[in-house]
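The structure appears right after this line, and notes come after that.
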Amino acid sequence: MSPPNMILEKISNYFRKGKPEPCRFSLSPDRAISVDGVPLLSEVPQNITLSSFSSVYRYPNFIDSPPPENLLKSVESNIENGAFIGLSVEEPLDRVLCSIGKFKNRKFLSIFRFKTWWSTMWTGSSSSELQMETQLVILQVEELNSYVLILPLIEGGFRSAIHPGTDGQTILCVESGSTQVKAKAFASCAYLHVGDNPYDLMREAMAAVRVHLGTFRLLEEKELPKIVDCFGWCTWDAFYLTVEPVGVWNGVKSLAENGVPARFLIIDDGWQSINMDHEDPLRDSKDLTCLGSQMLCRLYRFKENDKFAKYWTGALTGPNAPLFNQEEHDRMFKEMVELAEKKKALEEAGEDGSGLPEARIIEYLEAPEGVESGGLKALIGDLRREFPNLDDVYVWHALCGAWGGVRPGTTHLNSKVTSAKAGPGLAKTMFDLAVVMIEKGGIGLVDPNKADDFYEAMHSYLADAGVTGVKVDVIHTLEYVSEDHGGRVKLAKAYYDGLTKSLRKNFNGTGLIASMEQCNDFFFLATNQISMARVGDDFWFEDPNGDPMGVYWLQGVHMVHCSYNSLWQGQFVRPDWDMFQSDHICAEFHAASRAICGGPVYVSDKVGHHDLDLLRKLVLPDGTILRCQHYALPTRDCLFENPLFDGKTLLKLWNLNKFGGVIGVFNCQGAGWYPEEHRCRAYPECYKTMSGYLSPNDVEWEQDECTIDYRKNGMFVVYLHKAGSLHLTKASEKLEITLEPSSFEIAMIAPVLELGGEIKFAGVGLENMLNSGGAIELVEQKIEAKNIVCLMKIKGAGRFLAYSSVKPEKVVLDGEIVEFEWRNDGVLKFEVPWNGGEVKDVQILITK
């Protein structure tokens, strides 16, 4: 790598010009912001400024991650498409609320925070419809057949978001998070970018901001965690906080014995050494059964709790290993919850609860006398020896250690309980028990100057134990405790820099899933190294507040969260759509979305409670998956619609395989955000059968080099997975799809190849898998005398489906002739056996 001064000089040369670059945005004397003369925002106040990219660019300190040259060239080539919004006020403030104008009669898509941790989509046609804590707005500019992004930014020690104002004003909220950090002038607190392709728009805009801020790297610059191509199991919904080694062991065992082995394991919340302030500071809490009780707990040591520390090598591999019964475990947990609720009711009534039994911890291990305990390290070692497919073990922790941080005086690090308070911008977000509990207990915050030592202490111990990654949760607590730490940006930088260093040192630079992180602070400041993060709220198998429409209504909401959030979050990280339960009533609905999401697939099944037929449509016998090349995004005709409760729109998602595309269609209607009550709720009038259309042209072929040429294809084969039907269609032809509520269809879009100029052929994939086309690793042709040979490489096993306008002479699989079925309508099928995971060579010989 070039020396830092040479790199910075090269970067500077891209943007130092003899005169200002042209800019497509303008601010007129009558105070309107326009693009190419088309008004976007009217009634723009006098204290608002508009500046071209090059006039504001300041050659930031890129730390150790300067932008690659191809990215710089891309930003330079699009420099006229961007501009910065600035503002000034008379007196320095820690929180500036300023209108940047208004718009109406223009469709928009926005992403806003409906909880501290989670964001979702919102659409409308007027600035008066915007929601609090909006992270971005995309305007449809039909006059130019284009789109404009309005993106609040980080500037100095301040972070911005969009809020709704009175009289339809669009309010830019620029805040530091500390009354001690004030300013009165900003040159680049928001960014505008225009483009004629909404997906290119997001990539180009985030690249420009990456170069401008110098605080993060784009997804394309980073390596992905190995788990992205794998199937996994998470302990959360099986045990919640009662997770312990015997249950973990049997969960991994259950999946392996049923032919769907987990390649990665996530030991979720419940393994740490935590307690509450009123308890013995050096002993594990026994009172972790009430909803949210763990949110008042603090970490008192970095090692595993006693449940896991007791484990010894071979504890579960010998003939005397304790048995595990999920139903019995659930019964004991239910009794614990009931006991905790009785105690709480007596306490609230001012009555004596001392006569009730003491709370206890569910555990099954008791080490024999003279046997040395090995703890988490011994457990992971045994798991890997017994289940050789298990490559990765991740464990959960909160950004600040535990939900309540680190308990003062219990570790070598200086921590202090800091009062936690939500900022004004979060006042109209959805009620959240986590927020209530965090504000009640505060955060045991480790000195930000020691954030490096903090993560190193936690992670080095875990890495030595065989842990290969962490799920870092509860990330956006930092903004609650930033008052005395230089504001939210300064505090976040300290913690994220420490986390980044530890990730590189202890987990190969990739072993981290970020969660509860969906705010622009995180994406602009934390993603220099982090390359995977959750893009939706938790999978809720039922609504804890009661289900007005059974368990169905929340499931479509989850898919909309994930897909629309991925529009911008996917520029920074590989989207993770979270776990689900394979035996849930909506499991197939979830499985279909995970199959095409482009991220890892994992479940949180209770031990032995699996829909194995469904899992085998997702998971190969070696625990790998058929992953799409891109990440799933809404199709263009969905971007400015509301697929949750407009009563007409099916959610359509596109993605790409190496040699084809995929469109998932989901009926998610029936629930969504209700602004008047600041919560998600059911819309039962929309929970009905609906119809829509899909087309090969819905696939954004240009978004990957492997598929870019398919835009030129005139013909495609469309295979509908649920219907089991194959259609030969033109690129622009539309197929009607009708779906009942909470149901789906997956369409494989395979380009038709013309072999020898006359024969038409298309490889669809393994019809037994939800992402059939993900099985195709290679398609090419060669001519041998009078024969045309279609060569393919196939991953996986099952019944392979293709289209051939002519009956093949023979099909050869790994050098052996195999039987095949061909029909007059061109449907071609043959069996592909499992051979240990090796890619299989296929030759389809067709005579001219």
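The way I read the labels, and the way they are meant: chains A, B, ... in the order of the structure tokens, residue 1 as the first residue of every chain, and ligand 1 as the first ligand shown, with later ones counted on from there.
Backbone DSSP assigns strand (DSSP E or B) in segment 506-579 of chain A to Leu512, Ile513, Ala514, Met532, Ala533, Arg534, Pro548, Met549, Gly550, Val551, Arg574, Pro575 and Asp576 of chain A.
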Store the residues picked out above, limited to C-alpha atoms, as a PDB file, in the first residue's frame.
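File written: part.pdb
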ATOM      1  CA  LEU A 512     -19.609 -10.115  13.901  1.00  0.00           C
ATOM      2  CA  ILE A 513     -23.356  -9.669  13.409  1.00  0.00           C
ATOM      3  CA  ALA A 514     -24.579  -6.219  14.424  1.00  0.00           C
ATOM      4  CA  MET A 532     -22.997  -8.074   8.386  1.00  0.00           C
ATOM      5  CA  ALA A 533     -25.958  -6.661  10.290  1.00  0.00           C
ATOM      6  CA  ARG A 534     -29.615  -7.278  10.945  1.00  0.00           C
ATOM      7  CA  PRO A 548     -55.421  -9.415  16.938  1.00  0.00           C
ATOM      8  CA  MET A 549     -55.261 -11.701  13.909  1.00  0.00           C
ATOM      9  CA  GLY A 550     -53.604 -14.767  15.321  1.00  0.00           C
ATOM     10  CA  VAL A 551     -49.846 -15.043  14.767  1.00  0.00           C
ATOM     11  CA  ARG A 574     -24.656  -7.816   4.045  1.00  0.00           C
ATOM     12  CA  PRO A 575     -28.275  -7.890   5.219  1.00  0.00           C
ATOM     13  CA  ASP A 576     -29.150 -10.513   7.829  1.00  0.00           C
TER      14      ASP A 576
END
Q: List every residue of segment 165-379 of chain A that DSSP, applied to the backbone of this structure, places in helix (DSSP H, G or I), and write the result as a VMD selection string.
A: chain A and resid 166 to 168 198 to 213 219 to 221 226 to 229 236 to 242 245 to 257 293 to 296 306 to 309 326 to 348 375 to 379
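Excluding Pro261 of chain A and any residue on its chain fewer than 6 positions from it, the residues at most 7 Å away by only C-alpha atoms are Leu255, Asn389, Asp622 and Gly623 of chain A.
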Convert the current residue selection to file output with C-alpha atoms, as an mmCIF file, in the first residue's frame.
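Wrote it out as selection.cif, contents follow:
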data_model
loop_
_atom_site.group_PDB
_atom_site.id
_atom_site.type_symbol
_atom_site.label_atom_id
_atom_site.label_comp_id
_atom_site.auth_asym_id
_atom_site.auth_seq_id
_atom_site.Cartn_x
_atom_site.Cartn_y
_atom_site.Cartn_z
ATOM 1 C CA LEU A 255 -30.389 -30.942 13.508
ATOM 2 C CA ASN A 389 -19.745 -29.727 10.196
ATOM 3 C CA ASP A 622 -23.554 -30.568 4.408
ATOM 4 C CA GLY A 623 -25.186 -27.540 6.048
#
**Q.** Non-local contacts of segment 776-787 of chain A (7 Å; only C-alpha atoms; under 5 positions in same chain excluded) as a list in words
**A.** Lys658, Phe659, Gly765, Met792, Lys793, Ile794, Lys795, Leu845, Ile846, Thr847 and Lys848 of chain A
Can I get the selection written as an mmCIF file, in the first residue's frame, with all heavy atoms?
data_model
loop_
_atom_site.group_PDB
_atom_site.id
_atom_site.type_symbol
_atom_site.label_atom_id
_atom_site.label_comp_id
_atom_site.auth_asym_id
_atom_site.auth_seq_id
_atom_site.Cartn_x
_atom_site.Cartn_y
_atom_site.Cartn_z
ATOM 1 N N LYS A 658 -26.055 -16.748 -10.105
ATOM 2 C CA LYS A 658 -24.940 -16.600 -11.044
ATOM 3 C C LYS A 658 -25.394 -16.655 -12.489
ATOM 4 O O LYS A 658 -24.814 -15.987 -13.360
ATOM 5 C CB LYS A 658 -23.888 -17.684 -10.783
ATOM 6 C CG LYS A 658 -23.143 -17.508 -9.470
ATOM 7 C CD LYS A 658 -22.106 -18.595 -9.274
ATOM 8 C CE LYS A 658 -21.358 -18.386 -7.966
ATOM 9 N NZ LYS A 658 -20.364 -19.467 -7.713
ATOM 10 N N PHE A 659 -26.450 -17.431 -12.754
ATOM 11 C CA PHE A 659 -26.895 -17.600 -14.142
ATOM 12 C C PHE A 659 -28.411 -17.445 -14.268
ATOM 13 O O PHE A 659 -29.065 -18.179 -15.004
ATOM 14 C CB PHE A 659 -26.432 -18.961 -14.684
ATOM 15 C CG PHE A 659 -24.950 -19.031 -14.872
ATOM 16 C CD1 PHE A 659 -24.130 -19.481 -13.843
ATOM 17 C CD2 PHE A 659 -24.349 -18.601 -16.042
ATOM 18 C CE1 PHE A 659 -22.754 -19.525 -13.991
ATOM 19 C CE2 PHE A 659 -22.980 -18.633 -16.207
ATOM 20 C CZ PHE A 659 -22.180 -19.097 -15.182
ATOM 21 N N GLY A 765 -32.741 -25.052 -12.456
ATOM 22 C CA GLY A 765 -32.117 -25.388 -11.183
ATOM 23 C C GLY A 765 -32.772 -26.575 -10.523
ATOM 24 O O GLY A 765 -33.527 -27.331 -11.150
ATOM 25 N N MET A 792 -22.826 -27.706 -17.808
ATOM 26 C CA MET A 792 -23.237 -27.053 -16.574
ATOM 27 C C MET A 792 -22.477 -27.637 -15.388
ATOM 28 O O MET A 792 -22.033 -28.788 -15.424
ATOM 29 C CB MET A 792 -24.744 -27.225 -16.336
ATOM 30 C CG MET A 792 -25.621 -26.459 -17.307
ATOM 31 S SD MET A 792 -27.369 -26.491 -16.801
ATOM 32 C CE MET A 792 -27.741 -28.213 -17.014
ATOM 33 N N LYS A 793 -22.325 -26.812 -14.362
ATOM 34 C CA LYS A 793 -21.848 -27.282 -13.071
ATOM 35 C C LYS A 793 -22.965 -27.034 -12.064
ATOM 36 O O LYS A 793 -23.523 -25.934 -12.003
ATOM 37 C CB LYS A 793 -20.565 -26.567 -12.660
ATOM 38 C CG LYS A 793 -19.360 -26.955 -13.513
ATOM 39 C CD LYS A 793 -18.078 -26.315 -12.993
ATOM 40 C CE LYS A 793 -16.878 -26.695 -13.845
ATOM 41 N NZ LYS A 793 -16.556 -28.147 -13.772
ATOM 42 N N ILE A 794 -23.275 -28.071 -11.278
ATOM 43 C CA ILE A 794 -24.432 -28.017 -10.390
ATOM 44 C C ILE A 794 -24.004 -28.311 -8.959
ATOM 45 O O ILE A 794 -23.280 -29.279 -8.701
ATOM 46 C CB ILE A 794 -25.517 -29.024 -10.838
ATOM 47 C CG1 ILE A 794 -25.982 -28.703 -12.257
ATOM 48 C CG2 ILE A 794 -26.690 -29.025 -9.866
ATOM 49 C CD1 ILE A 794 -26.904 -29.751 -12.835
ATOM 50 N N LYS A 795 -24.486 -27.466 -8.048
ATOM 51 C CA LYS A 795 -24.252 -27.679 -6.621
ATOM 52 C C LYS A 795 -25.539 -28.191 -5.988
ATOM 53 O O LYS A 795 -26.621 -27.703 -6.283
ATOM 54 C CB LYS A 795 -23.837 -26.364 -5.950
ATOM 55 C CG LYS A 795 -23.656 -26.459 -4.445
ATOM 56 C CD LYS A 795 -23.341 -25.112 -3.831
ATOM 57 C CE LYS A 795 -23.208 -25.210 -2.316
ATOM 58 N NZ LYS A 795 -22.925 -23.896 -1.686
ATOM 59 N N LEU A 845 -26.261 -33.380 -24.267
ATOM 60 C CA LEU A 845 -25.917 -33.510 -25.688
ATOM 61 C C LEU A 845 -27.189 -33.423 -26.532
ATOM 62 O O LEU A 845 -28.138 -34.173 -26.344
ATOM 63 C CB LEU A 845 -25.225 -34.859 -25.933
ATOM 64 C CG LEU A 845 -24.698 -35.105 -27.344
ATOM 65 C CD1 LEU A 845 -23.503 -34.202 -27.626
ATOM 66 C CD2 LEU A 845 -24.300 -36.576 -27.511
ATOM 67 N N ILE A 846 -27.200 -32.458 -27.455
ATOM 68 C CA ILE A 846 -28.357 -32.235 -28.307
ATOM 69 C C ILE A 846 -27.900 -32.247 -29.766
ATOM 70 O O ILE A 846 -26.941 -31.557 -30.136
ATOM 71 C CB ILE A 846 -29.037 -30.888 -27.991
ATOM 72 C CG1 ILE A 846 -29.437 -30.826 -26.511
ATOM 73 C CG2 ILE A 846 -30.266 -30.681 -28.875
ATOM 74 C CD1 ILE A 846 -29.962 -29.475 -26.077
ATOM 75 N N THR A 847 -28.600 -33.026 -30.587
ATOM 76 C CA THR A 847 -28.263 -33.096 -32.011
ATOM 77 C C THR A 847 -28.960 -31.965 -32.761
ATOM 78 O O THR A 847 -30.141 -31.697 -32.543
ATOM 79 C CB THR A 847 -28.691 -34.451 -32.602
ATOM 80 O OG1 THR A 847 -28.032 -35.489 -31.876
ATOM 81 C CG2 THR A 847 -28.306 -34.546 -34.080
ATOM 82 N N LYS A 848 -28.210 -31.319 -33.661
ATOM 83 C CA LYS A 848 -28.789 -30.213 -34.437
ATOM 84 C C LYS A 848 -29.920 -30.701 -35.333
ATOM 85 O O LYS A 848 -29.858 -31.786 -35.892
ATOM 86 C CB LYS A 848 -27.712 -29.585 -35.334
ATOM 87 C CG LYS A 848 -26.625 -28.859 -34.569
ATOM 88 C CD LYS A 848 -25.668 -28.224 -35.551
ATOM 89 C CE LYS A 848 -24.525 -27.503 -34.872
ATOM 90 N NZ LYS A 848 -23.584 -26.891 -35.824
#
Q | 8 Å contact set for segment 277-291 of chain A, only C-alpha atoms, chain neighbours under 6 positions out, as JSON, numbers by chain | A | {"A": [241, 297, 298, 300, 305, 306, 333, 336, 337, 340, 341, 359, 360, 361, 407, 410]}
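Closest approach to Pro634 of chain A from the set A:Thr649, A:Gln518, A:Gln46, A:Gln669 is made by A:Thr649, with distances taken over only C-alpha atoms.
From atom CA of Phe264 of chain A back to atom CA of Tyr394 of chain A, the distance works out to 7.5 Å.
In terms of minimum interatomic distance to Pro424 of chain A, A:Tyr480 ranks closest within A:Tyr693, A:Tyr480, A:Tyr719, A:Phe103, counting only C-alpha atoms.
Across the structure, atom CA of Ser419 of chain A and atom CA of Gly292 of chain A are spaced 18.0 Å apart.
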Q.
Between atom CA of Ile475 of chain A and atom CA of Thr179 of chain A, what is the distance in Å, rounded to a tenth?
A. 22.0 Å
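All residues of protein, DNA or RNA that reach within 12 Å of Glu372 of chain A, judged by only C-alpha atoms and not counting those fewer than 5 positions away in the chain, are Ala309, Lys310, Tyr311, Trp312, Thr313, Gly314, Ala315, Glu366, Ala367 and Ala378 of chain A.
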At most 9 Å is the cut-off: for each residue in segment 272-331 of chain A with any atom that close to an atom of segment 604-613 of chain A, write down the nearest atom pair and the distance in Å rounded to one decimal, counting only C-alpha atoms, chain first then increasing number, as a tab-separated table.
residue	atom	partner	partner_atom	distance
A:Phe324	CA	A:Val607	CA	8.8
A:Asn325	CA	A:Val607	CA	8.1
A:Gln326	CA	A:Val607	CA	6.0
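Closest to Val194 of chain A among A:Ser178, A:Ser51, A:Ser160, A:Asn145 is A:Asn145, based on only C-alpha atoms.
Distance check against Tyr803 of chain A using only C-alpha atoms: of A:Ile154, A:Leu130, A:Val789, A:Leu728, the minimum falls on A:Leu728.
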Q.
Using only C-alpha atoms for the distances, tell me which of A:Glu816, A:Glu736, A:Glu685, A:Glu821 is nearest to Asp841 of chain A.
A. A:Glu816
Q) Quick one: of A:Leu614, A:Leu813, A:Val228, A:Ala422, who's nearest to Glu588 of chain A, counting only C-alpha atoms? A) A:Leu614
Under the rule of at most 9 Å, produce a per-residue listing of segment 740-816 of chain A near segment 703-713 of chain A: chain, number, name, the closest pair of atoms, and the distance in Å, as JSON lines, using only C-alpha atoms.
{"residue": "A:Pro751", "atom": "CA", "partner": "A:Asn713", "partner_atom": "CA", "distance": 6.6}
{"residue": "A:Val752", "atom": "CA", "partner": "A:Asn713", "partner_atom": "CA", "distance": 7.4}
{"residue": "A:Leu753", "atom": "CA", "partner": "A:Asn713", "partner_atom": "CA", "distance": 8.5}
Q | Residues within 6 Å of Ile111 of chain A, only C-alpha atoms, excluding chain neighbours under 2 positions, as a ChimeraX atom specification | A | /A:120-121,134-136
